[in-house]
Amino acid sequence: MTAGPENEQVSQGQTITTTEPGSRPYQLLTALKHDHPEWIGEVIEAFGEVTAVVPRQYIAETCALLKSSPDSQFDFLADLCGVDRGVEEEPRFEVNYHLFSTITFQRLRLKVVLDEQDAHVPTVTGVWRTANWHERETYDLMGIIFDGHPDLRRILLPDDWQGHALRKDFPLRGYEPYSLK
Amino acid sequence: MSTNINLPPQLEVIDRPLDTQMTISMGPQHPSTHGVLRVELVLDGEMVVKATPDIGYLHTGMEKLFEYKKYQQGIVITDRMDYLNPLGNNLAYVMAAEKLLAIEIPERAQTIRVLFCELQRIASHLVWLGTHALDIGAMTVFFYCFREREKILNLIEAASGGRLTPSYFRIGGLMMDLPAGFESRVKQFLDGFPSALKDFQKLLTGNRIFQKRTQNVGRISGPDAIDWGLSGPCLRGSGVQLDIRRANPYTGYEKYDFEIPIEHDGDVWARYLVRLSEMKESQKIVTQALSRLRPGPVKADAPKVVLPDREAMKQHMDALIHHFLIVAEGFDVPAGEVYHPIEASKGELGVYIRSTGGPKPSRVHFRGPSFVNLSALPDLAQGAMIADIVAIIGSLDIVLGEIDR
């Protein structure tokens, strides 16, 4: 998927939609990075959305601080989802946390990247209880282990299911009959 | 077999005839679970000690399927998620894709999108009202609600050809313009709707049985509701004034004049009142959208993404080539990732799309409001009576198609 014309479109699309740098979530993250340089990696602003890459060992602390700090007030975890970048990609997995503030109406994405051999990430159920089912779903379909989760069971697929269906190397039609594989 | 459970103070006086715990399975074929939901109930007599929802009976791997379909083919899948609010799903998905493609949508198409989303919201709330009242024992309301909903489905069918699976919103605009005489049909519906709404209120709001079954049942406070990620009417019933149409406006909602109804009690009754008021507000928005309709294009000027008109294809070589390429190969979407939230009838419906370029997405994730709202059920149901479970599930307004995907 890296033919010439497509690359042209990529750069074109991003120049049009990137908002002015220094929107409020961007400033918040820069301030947070100043206070805790090890917590926040790269900060990206594209398509009008701000993304911060967080090392996995600091994700729970970062979330807790963003939730409680009077500057940010990200009290609502809108979504949590896993991404499989592809079998050859290294690191292979991403976990995206979509934060929202019910007070300032700002949105923010935190991203944790994980290796395939060590797909573990600390749970954020202690920060928002809504993370419980999101993390179970991500574990069920993507096979990412959330350390410290109170009830990490499969949620959509049967308990005796083998494999993780949303991984890129899992065939679309699965294995039939599923219980044999 | 003594029980050591922490009861809410108002329930501690209740006699425990059995003094044992019993586990029963409610569903998956229970008519009041609105689909195939199983709830594992641990009961002490008639009182719920623990309720554990068990979902996944309807899982069809839709998110996986998106990765194998071109962007425009994905719209059809979204119809089948929340099947009571398909136009809302269409909107969330196409807007996320439009964000990646950086396409501007013409004014008329935006107005028609608002018009249909609000009609669909009324239709979705009508199904909720009818089935919720039926669960609690008021059967008459169901027939009135479905009579009104039928009128909306006829309107959707007139524009899109589909009643439950319209796929009317496309990436870059609409499938086609409104049919002739559509505005007068919407007006006709709007004229009759307020009196129908009054009928529902007469049947339920003053009904002592309905009040007793809903008031003080399934309470949740505002901060708890935020912590559990509740959204939509469930959150506004707990006194949090949050509506994404106002908080992060999309498709021109900032230009419309409407209220965000809230209630402070946080119980089943409050959520009922919020949804009733929301139908009134939606009706106001539909009226405003009708008055804003001006002639104009309904498709964006993006020939590489939007299918050309049939007439243009017969006249122009390039239109024919674009049509062939879009259908046969799809269109390339720039690499990147977006999350687009909308206020669906049940709450925040967010679509996450990750693109690596090319005609197919690398990952599509739906944040379904029903999924998140249902996850709070154990908290809501603890200490309730077994008959209240039905009222609580009904008040969350879940659709299993969206939960299981």
# chains A, B, ... in the order shown; residues from 1 in each chain; ligands from 1
>>> interface_residues(of="chain B", to="chain A", cutoff="7 Å", atoms="only C-alpha atoms", output="list of chain:residue names")
B:Ile55, B:Gly56, B:His59, B:Lys64, B:Lys99, B:Leu100, B:Leu101, B:Ala102, B:Ile226, B:Asp227, B:Trp228, B:Gly229, B:Leu242, B:Ala247, B:Asn248, B:Asp332, B:Pro334, B:Ala335, B:Val338, B:Gly357, B:Gly358, B:Arg363, B:Arg367, B:Val372, B:Ser375, B:Asp404
>>> select_by_dssp(residues="segment 33-125 of chain A", states="strand (DSSP E)", output="PyMOL selection string")
chain A and resi 43-46+49-53+76-84+93-100+107-114+120-122
>>> atom_distance(atom1="atom CA of Leu396 of chain B", atom2="atom CA of Asn373 of chain B")
6.5 Å
>>> atom_distance(atom1="atom CA of Val121 of chain A", atom2="atom CA of Phe100 of chain A")
21.0 Å
>>> residues_around(residues="segment 159-169 of chain B", least_positions_apart="3", cutoff="7 Å", atoms="only C-alpha atoms", output="PyMOL selection string")
chain B and resi 75-76+79+83+86+90-91+153-156+173-175+178-179
>>> closest_residue(among="A:Trp39, A:Leu29, A:Tyr97, A:Ser23", to="Tyr339 of chain B", atoms="only C-alpha atoms")
A:Tyr97
>>> select_by_dssp(residues="segment 21-68 of chain B", states="alpha helix (DSSP H)", output="list in words")
Met62, Glu63, Lys64, Leu65 and Phe66 of chain B
>>> residues_around(residues="Arg108 of chain B", least_positions_apart="6", cutoff="8 Å", atoms="only C-alpha atoms", output="number ranges by chain")
B: 293-298
>>> residues_around(residues="Gly252 of chain B", least_positions_apart="6", cutoff="9 Å", atoms="only C-alpha atoms", output="list in words")
Glu107, Gln110, Thr111, Val114 and Arg245 of chain B
